Amino acid sequence: MKQLRWAFALATLLFGVTVTLFFALAYPHHLHFQEQYQLFLFEQSYVRYVLSMPGGLADLAGRFITQFFLYAWAGATLIALLLMGIQLLAYRLLHTSHTEPLTYALSFAPALLCCCFLCDENALMSAPVALLIVLGMALLVRIVCHDTTRQLLGIVSIPVVYMLAGAFALPYALLLILEELRQGYSLRNLAITVFLLIVALSTPAAFQHLLHSPLAQLYAGPHYYRIPSEFPQWIWAAACIMPLLMLLPKRLRQWAPGHALISFLTIWIVLMLAGGTLVNTLQNQKRESIMAYDFMARNALWNRIIQKARKQAPKNQVAVVALNLALSQRGMLIDHMYEFPQNGIAGLLPNFANDYVSPLVTSEAFYRLGLINTAQSFVFEAQEAIPDFQKSARCYKRLAETNLINGAYEVARKYLYALQHTWHYRSWATETLALIDNDEAVNAHPEYGALRRMRCTEDYFFGGNSIQQILIRQLEACPENQTALQYLQATRTFHQ
Amino acid sequence: MFCYYLPLVMNKYIFPFIAAALVLLASCVTHPDVPASSKEVKSLPAIYPDYCDVTVPCNIAPLNFMLPSDEFNACVARLTTPDGKQQTYGQGVKVQMPESEWHTMLEASTGKSIKVEVWGEKSGEWLSFVPFEIHVAEEPIDPYVSYRLVDPTYVAWSYMSIAQRNITSFEESEIFNNEITSNDRAKGQCINCHSYQNYKTDNMLFHVRLSNARTVIVNDGKVSSVNLKRDYTISSGVYPSWHPTEKLIAFSTDLTRQAFYTQHPDKIEVYDLESDLILYDVATDSVHVVANDPELLEVYPTWSPDGQWLYYCKSVPLPEELRDKDIRSTYEKIQYNLYRRAFDVPSRSFGEEELVYDAASKDRSATLPRISPDSRYMLFPEGRYGCFHTRHADADVMCVSLEGQYPLVNDPEAEDSPFIDLTDFNSEGFADTYPSWSSNGHWIMCSSRRGDGNYSRLYFSYFNNGKIGKAFLLPQEDPEQNTFRLKCYNRPEFMIEAVEISADEFSKVFDR
């Protein structure tokens with residue numbers, strides 16, 4: 001028995017370590033991607049706003065966790081802790097006696113399915129947090145021995161769980177129903193069951209009258225997935241598998257053929273292998289690579305971009321744009337660009353695409369070229385295109401910078417004040433606020449001053465000119481603009 | 001601080017218990033003591049918003065303000081009403097007055113002034129500033145305004161809503177949003193051009209574009225949706241204007257484009273390739289062309305209060321040598337004058353076009369005319385060129401008396417110029433546009449980017465017999481909300497009553 005308990009603990013720990021290693025080593029840029037598409041503010045009205053929506057507590061906690069994804073190891077560890085928590089709560093809900101090898105092994109199923117969910121870059125952390133809340137609440141209700149109190153608590157708690165954790169109030173209701181039926185199949189219990197079901201199914205619809213959101217979203221989340229019109233099946237599988245597992249007969253849960261420890265290890269290993277295979281199938285290294293380029297371009301890690309491209313040539317436009325920018329920043333564009341796949345002008349300065357990913361890297365290129373208005377509009381548009389309407393810390397930072405360079409100090413101040421209420425960006429925002437209304441300081445700044453001087457003095461419409469004409473104008477405005485020179489030379493090679 | 005995040009509907013529904021708690025807290029509002037000693041500063045306090053010596057309606061929400069938080073640590077304000085009663089307020093650098101106390105002060109000061117003394121604590125020392133007054137007009141303001149809340153975006157957009165605000169309190173609620181019926185996320189949905197008949201909301205409309213596109217019309221309280229596009233029109237109806245008495249709506253139809261500057265702080269240039277005017281009959285769902293000059297651009301229709309005139313803007317012909325050129329090289333030459341046509345209600349027919357104001361002769365371009373309820377004055381924004389002045393930093397609101405001879409000419413040198421001096425209303429160097437009149441003609445409102453050049457806000461001024469008061473910003477419960485709400489207040493309209501139709505009811509006329 002003691003051996004089995006140690007095995008259980010080790011299994012959970014091993015699972016956590018595996019999850020940490022996976023996200024930190026194999027999938028770190030997915031975490032960076034997540035962090036940049038939100039803006040968590042340590043500010044009262046922001047917190048009130050998030051909490052006031054269905055699933056608010058889960059959403060707030062999820063967003064809170066996500067801000068640490070800027071550091072992949074921290075993010076990976078937090079994910080691991082969350083999934084371990086889900087697994088442990090699942091076991092507590094499932095087990096009926098002291099040690100159940102099969103039950104303990106099966107308790108990893110929801111956490112494994114969460115892992116599958118998190119392989120998707122649009123998966124939001126609010127979903128696994130919501131699952132944790134739901135499992136915790138189900139456990140809490142179960143502790144109440146007095147039937148009537150428990151049943152009343154169950155009914156009242158469904159809308160509360162909906163406000164706290166969102167649409168997982170539905171599988172939560174199923175857990176409550178199964179608990180009631182476990183107590184017996186009396187008429188009263190059946191009536192309670194029906195009532196629980198009615199309350200669960202009608203709660204999201206009731207909220208629609210208050211919230212003016214599409215009904216489908218209120219039943220699916222509403223904020224479990226970045227794209228509200230898509231159904232996040234993996235996390236719903238994670239939530240719904242719990243009631244299914246609860247249906248397993250008690251005898252089966254207590255089944256342990258042969259030696260309990262061996263049985264457990266066998267079942268657990270099989271489950272882990274199955275889960276691992278699923279995660280391996282669902283993970284997207286292609287996107288991870290693109291996100292890596294985006295991350296490196298964002299942080300001006302030019303050498304690393306070139307190193308990565310040398311190891312494996314980029315095959316995606318975002319990556320090529322980042323690579324060409326990196327080469328230009330190292331003065332290597334003309335001499336080395338054809339060592340890598342190119343995509344013509346689209347590999348240098350692609351047209352605006354109305355999505356929330358590609359304009360960010362393109363905006364980096366325009367920024368370094370001194371086309372500040374254009375960089376600003378690309379960043380602004382990328383933020384507008386974020387499907388769940390969140391604001392982006394990365395975009396706010398760049399918007400602050402571009403407005404600063406343009407001398408639009410009051411607008412820059414707004415973004416900086418917001419960033420002062422974030423965890424990671426506050427010091428930078430506070431330092432940068434010192435530049436507001438201080439033309440001299442901005443002009444003397446190594447980056448902002450240089451970019452200010454690169455701006456074209458003669459105005460024109462961006463769309464009414466070819467890229468070559470735009471680059472020529474940039475050079476005429478600032479002959480020292482090496483980036484513009486290299487880009488112009490590069491465009492000329494496309495026409496040879 | 002970041003109250004802009006509060007979902008509008010939550011203000012009305014989800015927090016009744018919080019409201020009760022707030023009521024309780026309100027009774028515990030801070031009334032600090034006036035500093036025992038202070039150093040006199042011979043200037044007005046640099047409060048934000050600037051409410052020094054403004055004239056406000058007798059029913060406005062509290063004019064909460066603050067001192068700059070990077071300079072001051074605390075603020076105390078003492079308000080004295082004409083009956084001698086005084087009250088102090090101050091929490092940190094903010095002065096936030098409970099609505100009930102403020103409305104009591106307003107009642108006691110109607111037709112007179114509230115004296116405001118401000119002290120600010122800076123580096124451990126209290127400074128006392130020159131007192132100012134808040135003049136309280138006898139005339140109330142329309143209790144509601146509606147506006148679109150939207151990011152100052154370029155091509156893409158995220159969440160937007162049409163909201164209504166009770167300006168006698170801080171209550172803001174949502175009329176509609178672009179999420180509830182958007183059935184094609186990739187396409188997105190834009191909502192705009194909310195418009196009301198005679199300040200009332202039983203007849204109103206707004207447009208929905210792209211996903212689930214249509215025009216939603218409320219006709220005597222009943223919601224329906226229509227498609228205003230016809231084979232013989234350029235587009236569906238765009239800028240609307242309800243006839244004051246008939247179920248008729250004048251629209252422009254437009255082919256609108258935009259271009260983006262690489263340098264200019266205005267960032268975007270919006271222009272029409274084509275535009276005409278149509279008249280829509282709500283009862284018969286019929287569209288009639290009012291004006292469709294093939295060479296010129298007619299836009300921004302507006303009715304006179306008696307419904308007997310339709311005012312609008314029309315471009316002047318370009319010089320011959322520019323006519324076939326790309327508009328992106330000629331847009332700065334496109335200027336609009338103001339015209340009108342007589343309208344015969346029984347026959348639904350229009351008279352000949354009459355030039356009202358010749359802006360182009362002064363190298364200016366006039367747009368968006370609005371006639372005062374007493375028909376004596378006209379407001380319109382004017383810039384150097386074009387029709388989309390919300391993106392022109394040089395645009396100012398103009399006010400002209402309509403009692404002169406047409407065409408009106410803006411000659412600042414003339415002694416009897418029909419133009420009213422709106423220096424106290426306009427800003428210097430920022431776009432001031434979309435003016436409108438309150439239903440009693442004593443308050444004017446505009447959307448202005450004067451705060452930072454990018455995010456537009458609503459400003460009001462008192463208007464009385466050709467005299468204008470200093471502009472003041474729409475008050476907010478937390479004065480910092482005006483700074484930190486990263487949305488533009490777009491197309492503000494006065495209403496004398498709230499829109500009672502819920503977003504749910506509006507959504508029923510859409511495809512799902």
# chains A, B, ... in the order shown; residues from 1 in each chain; ligands from 1
>>> closest_atom_pairs(of="chain A", to="chain B", cutoff="7 Å", atoms="only C-alpha atoms", output="Markdown table")
| residue | atom | partner | partner_atom | distance |
| --- | --- | --- | --- | --- |
| A:Ser45 | CA | B:Phe2 | CA | 5.2 |
| A:Tyr46 | CA | B:Tyr5 | CA | 5.9 |
| A:Tyr49 | CA | B:Leu6 | CA | 5.0 |
| A:His209 | CA | B:Asp504 | CA | 6.7 |
| A:Leu210 | CA | B:Val9 | CA | 6.5 |
| A:Leu211 | CA | B:Val9 | CA | 6.3 |
| A:His212 | CA | B:Ile180 | CA | 5.9 |
| A:Ser213 | CA | B:Ile180 | CA | 4.8 |
| A:Pro214 | CA | B:Ile180 | CA | 4.8 |
| A:Asn354 | CA | B:Ala156 | CA | 6.7 |
| A:Leu371 | CA | B:Thr262 | CA | 6.5 |
| A:Asn373 | CA | B:Thr262 | CA | 5.2 |
| A:Thr374 | CA | B:Thr262 | CA | 6.1 |
| A:Ser377 | CA | B:Tyr154 | CA | 6.9 |
| A:Phe380 | CA | B:Thr153 | CA | 6.9 |
| A:Glu381 | CA | B:Ala156 | CA | 5.6 |
| A:Glu384 | CA | B:Ser158 | CA | 4.7 |
| A:Ala385 | CA | B:Ser158 | CA | 6.2 |
| A:Phe389 | CA | B:Ser158 | CA | 5.7 |
| A:Glu410 | CA | B:Asp452 | CA | 4.9 |
| A:Val411 | CA | B:Asp452 | CA | 5.6 |
| A:Lys414 | CA | B:Phe484 | CA | 6.1 |
| A:Cys456 | CA | B:Gln263 | CA | 6.8 |
| A:Asp459 | CA | B:Gln263 | CA | 5.2 |
| A:Tyr460 | CA | B:Tyr261 | CA | 5.7 |
| A:Phe461 | CA | B:Tyr261 | CA | 4.6 |
| A:Phe462 | CA | B:Thr262 | CA | 5.7 |
| A:Gly463 | CA | B:Ala259 | CA | 6.7 |
>>> residues_around(residues="Asp478 (chain B)", least_positions_apart="3", cutoff="12 Å", atoms="only C-alpha atoms", output="JSON, numbers by chain")
{"A": [45], "B": [1, 2, 3, 4, 48, 49, 61, 62, 63, 64, 65, 66, 91, 93, 94, 95, 96, 97, 98, 170, 474, 475, 481, 482, 483, 484, 485]}
>>> residues_around(residues="region 368-385 of chain B", least_positions_apart="5", cutoff="7 Å", atoms="only C-alpha atoms", output="number ranges by chain")
B: 300, 302, 304-305, 312, 332-335, 363, 392, 394-403, 433-437, 439-441
>>> residues_around(residues="Ala111 (chain A)", least_positions_apart="2", cutoff="6 Å", atoms="only C-alpha atoms", output="VMD selection string")
chain A and resid 83 87 108 to 109 113 to 114
>>> residues_around(residues="region 285-288 of chain B", least_positions_apart="3", cutoff="12 Å", atoms="only C-alpha atoms", output="JSON list (two decimals) with N, CA, C and O atoms, in the first residue's frame")
[["chain", "number", "residue", "atom", "x", "y", "z"],
["B", 215, "THR", "N", -29.64, 47.38, -42.99],
["B", 215, "THR", "CA", -29.92, 48.57, -42.19],
["B", 215, "THR", "C", -31.06, 48.21, -41.26],
["B", 215, "THR", "O", -32.11, 47.72, -41.71],
["B", 217, "ILE", "N", -33.96, 49.30, -38.96],
["B", 217, "ILE", "CA", -34.81, 50.49, -38.80],
["B", 217, "ILE", "C", -35.84, 50.20, -37.71],
["B", 217, "ILE", "O", -36.45, 49.11, -37.69],
["B", 219, "ASN", "N", -39.34, 51.58, -36.55],
["B", 219, "ASN", "CA", -40.43, 52.40, -37.05],
["B", 219, "ASN", "C", -41.56, 52.33, -36.04],
["B", 219, "ASN", "O", -42.18, 51.28, -35.89],
["B", 224, "SER", "N", -37.18, 46.34, -37.78],
["B", 224, "SER", "CA", -37.12, 45.56, -39.01],
["B", 224, "SER", "C", -35.76, 45.83, -39.65],
["B", 224, "SER", "O", -35.01, 46.71, -39.20],
["B", 225, "SER", "N", -35.46, 45.05, -40.67],
["B", 225, "SER", "CA", -34.20, 45.33, -41.37],
["B", 225, "SER", "C", -34.47, 45.45, -42.85],
["B", 225, "SER", "O", -35.38, 44.78, -43.39],
["B", 226, "VAL", "N", -33.73, 46.29, -43.50],
["B", 226, "VAL", "CA", -33.93, 46.55, -44.93],
["B", 226, "VAL", "C", -32.59, 46.56, -45.63],
["B", 226, "VAL", "O", -31.55, 46.75, -45.02],
["B", 227, "ASN", "N", -32.68, 46.37, -46.95],
["B", 227, "ASN", "CA", -31.50, 46.52, -47.79],
["B", 227, "ASN", "C", -31.76, 47.75, -48.66],
["B", 227, "ASN", "O", -32.69, 47.76, -49.46],
["B", 228, "LEU", "N", -30.95, 48.76, -48.49],
["B", 228, "LEU", "CA", -31.20, 50.02, -49.19],
["B", 228, "LEU", "C", -30.55, 50.07, -50.58],
["B", 228, "LEU", "O", -30.71, 51.04, -51.30],
["B", 229, "LYS", "N", -29.82, 49.06, -50.91],
["B", 229, "LYS", "CA", -29.14, 49.06, -52.22],
["B", 229, "LYS", "C", -30.15, 48.82, -53.32],
["B", 229, "LYS", "O", -31.01, 47.94, -53.22],
["B", 230, "ARG", "N", -30.04, 49.59, -54.38],
["B", 230, "ARG", "CA", -30.84, 49.39, -55.58],
["B", 230, "ARG", "C", -29.91, 49.35, -56.77],
["B", 230, "ARG", "O", -28.76, 49.81, -56.70],
["B", 231, "ASP", "N", -30.44, 48.85, -57.88],
["B", 231, "ASP", "CA", -29.60, 48.78, -59.09],
["B", 231, "ASP", "C", -29.12, 50.16, -59.53],
["B", 231, "ASP", "O", -28.07, 50.29, -60.13],
["B", 232, "TYR", "N", -29.92, 51.16, -59.24],
["B", 232, "TYR", "CA", -29.62, 52.49, -59.75],
["B", 232, "TYR", "C", -28.89, 53.37, -58.74],
["B", 232, "TYR", "O", -28.77, 54.57, -58.91],
["B", 233, "THR", "N", -28.47, 52.73, -57.64],
["B", 233, "THR", "CA", -27.73, 53.52, -56.65],
["B", 233, "THR", "C", -26.29, 52.99, -56.55],
["B", 233, "THR", "O", -26.02, 51.82, -56.84],
["B", 235, "SER", "N", -24.50, 52.58, -53.89],
["B", 235, "SER", "CA", -24.31, 51.68, -52.76],
["B", 235, "SER", "C", -25.60, 51.64, -51.96],
["B", 235, "SER", "O", -26.60, 52.28, -52.34],
["B", 236, "SER", "N", -25.56, 50.96, -50.88],
["B", 236, "SER", "CA", -26.65, 51.05, -49.92],
["B", 236, "SER", "C", -26.60, 52.46, -49.30],
["B", 236, "SER", "O", -25.63, 53.19, -49.50],
["B", 237, "GLY", "N", -27.62, 52.83, -48.57],
["B", 237, "GLY", "CA", -27.61, 54.15, -47.92],
["B", 237, "GLY", "C", -26.48, 54.24, -46.92],
["B", 237, "GLY", "O", -26.17, 53.27, -46.24],
["B", 247, "LYS", "N", -42.08, 59.81, -42.35],
["B", 247, "LYS", "CA", -41.28, 58.58, -42.30],
["B", 247, "LYS", "C", -40.40, 58.52, -43.56],
["B", 247, "LYS", "O", -40.52, 57.64, -44.41],
["B", 248, "LEU", "N", -39.55, 59.48, -43.65],
["B", 248, "LEU", "CA", -38.64, 59.59, -44.78],
["B", 248, "LEU", "C", -37.22, 59.76, -44.24],
["B", 248, "LEU", "O", -37.02, 60.46, -43.24],
["B", 249, "ILE", "N", -36.29, 59.13, -44.89],
["B", 249, "ILE", "CA", -34.90, 59.27, -44.47],
["B", 249, "ILE", "C", -34.07, 59.62, -45.70],
["B", 249, "ILE", "O", -34.13, 58.90, -46.72],
["B", 250, "ALA", "N", -33.33, 60.69, -45.61],
["B", 250, "ALA", "CA", -32.39, 61.02, -46.68],
["B", 250, "ALA", "C", -31.06, 60.32, -46.36],
["B", 250, "ALA", "O", -30.63, 60.30, -45.21],
["B", 251, "PHE", "N", -30.50, 59.75, -47.38],
["B", 251, "PHE", "CA", -29.19, 59.11, -47.21],
["B", 251, "PHE", "C", -28.26, 59.63, -48.29],
["B", 251, "PHE", "O", -28.70, 60.02, -49.38],
["B", 252, "SER", "N", -26.99, 59.53, -48.02],
["B", 252, "SER", "CA", -26.04, 59.60, -49.12],
["B", 252, "SER", "C", -25.77, 58.16, -49.54],
["B", 252, "SER", "O", -26.00, 57.22, -48.76],
["B", 253, "THR", "N", -25.34, 57.99, -50.77],
["B", 253, "THR", "CA", -24.79, 56.70, -51.19],
["B", 253, "THR", "C", -23.36, 57.01, -51.62],
["B", 253, "THR", "O", -23.12, 58.01, -52.30],
["B", 276, "ASP", "N", -23.87, 60.21, -54.02],
["B", 276, "ASP", "CA", -25.15, 60.78, -54.44],
["B", 276, "ASP", "C", -26.06, 60.87, -53.22],
["B", 276, "ASP", "O", -25.70, 60.44, -52.13],
["B", 277, "LEU", "N", -27.27, 61.39, -53.46],
["B", 277, "LEU", "CA", -28.27, 61.47, -52.39],
["B", 277, "LEU", "C", -29.52, 60.71, -52.79],
["B", 277, "LEU", "O", -29.94, 60.78, -53.94],
["B", 278, "ILE", "N", -30.09, 60.01, -51.84],
["B", 278, "ILE", "CA", -31.35, 59.30, -52.07],
["B", 278, "ILE", "C", -32.32, 59.63, -50.96],
["B", 278, "ILE", "O", -31.93, 60.12, -49.90],
["B", 279, "LEU", "N", -33.59, 59.34, -51.24],
["B", 279, "LEU", "CA", -34.63, 59.51, -50.22],
["B", 279, "LEU", "C", -35.31, 58.17, -50.06],
["B", 279, "LEU", "O", -35.77, 57.57, -51.04],
["B", 280, "TYR", "N", -35.35, 57.70, -48.83],
["B", 280, "TYR", "CA", -35.96, 56.40, -48.55],
["B", 280, "TYR", "C", -37.29, 56.60, -47.85],
["B", 280, "TYR", "O", -37.37, 57.33, -46.86],
["B", 281, "ASP", "N", -38.31, 55.95, -48.38],
["B", 281, "ASP", "CA", -39.64, 56.01, -47.78],
["B", 281, "ASP", "C", -39.81, 54.75, -46.94],
["B", 281, "ASP", "O", -39.87, 53.65, -47.47],
["B", 282, "VAL", "N", -39.87, 54.93, -45.64],
["B", 282, "VAL", "CA", -39.93, 53.78, -44.73],
["B", 282, "VAL", "C", -41.21, 52.98, -44.93],
["B", 282, "VAL", "O", -41.22, 51.75, -44.90],
["B", 291, "ALA", "N", -30.23, 63.48, -55.77],
["B", 291, "ALA", "CA", -29.19, 64.18, -56.52],
["B", 291, "ALA", "C", -28.12, 63.17, -56.91],
["B", 291, "ALA", "O", -27.66, 62.40, -56.05],
["B", 292, "ASN", "N", -27.77, 63.15, -58.19],
["B", 292, "ASN", "CA", -26.74, 62.20, -58.62],
["B", 292, "ASN", "C", -25.92, 62.78, -59.76],
["B", 292, "ASN", "O", -25.82, 62.18, -60.84],
["B", 348, "ARG", "N", -43.63, 64.96, -52.21],
["B", 348, "ARG", "CA", -42.30, 64.37, -52.03],
["B", 348, "ARG", "C", -41.32, 64.84, -53.11],
["B", 348, "ARG", "O", -40.47, 64.09, -53.56],
["B", 349, "SER", "N", -41.49, 66.06, -53.52],
["B", 349, "SER", "CA", -40.60, 66.53, -54.59],
["B", 349, "SER", "C", -39.66, 67.62, -54.08],
["B", 349, "SER", "O", -39.98, 68.32, -53.11],
["B", 350, "PHE", "N", -38.55, 67.73, -54.76],
["B", 350, "PHE", "CA", -37.53, 68.70, -54.37],
["B", 350, "PHE", "C", -37.47, 69.84, -55.37],
["B", 350, "PHE", "O", -37.70, 69.65, -56.57]]
>>> select_by_dssp(residues="region 247-396 of chain B", states="strand (DSSP E)", output="ChimeraX atom specification")
/B:248-260,268-281,286-291,298-303,309-315,336-344,349-357,365-366,370-371,377-383,396
>>> residues_around(residues="Val270 (chain A)", least_positions_apart="4", cutoff="12 Å", atoms="only C-alpha atoms", output="PyMOL selection string")
chain A and resi 102+105-106+108-109+263-266+274-277
>>> residues_around(residues="Leu135 (chain A)", least_positions_apart="2", cutoff="12 Å", atoms="only C-alpha atoms", output="PyMOL selection string")
chain A and resi 85-94+107+110-111+128-133+137-142+161+165+168-176+238-243
>>> select_by_dssp(residues="region 200-425 of chain A", states="alpha helix (DSSP H)", output="PyMOL selection string")
chain A and resi 200-211+215-220+233-246+250-253+260-282+285-298+302-311+317-329+333-336+358-369+372-384+393-405+409-419
>>> atom_distance(atom1="CA of Trp234 (chain A)", atom2="CA of Ser202 (chain A)")
23.6 Å
>>> closest_residue(among="B:Phe419, B:Tyr336, B:Phe72, B:Phe388", to="Ala360 (chain B)", atoms="only C-alpha atoms")
B:Tyr336
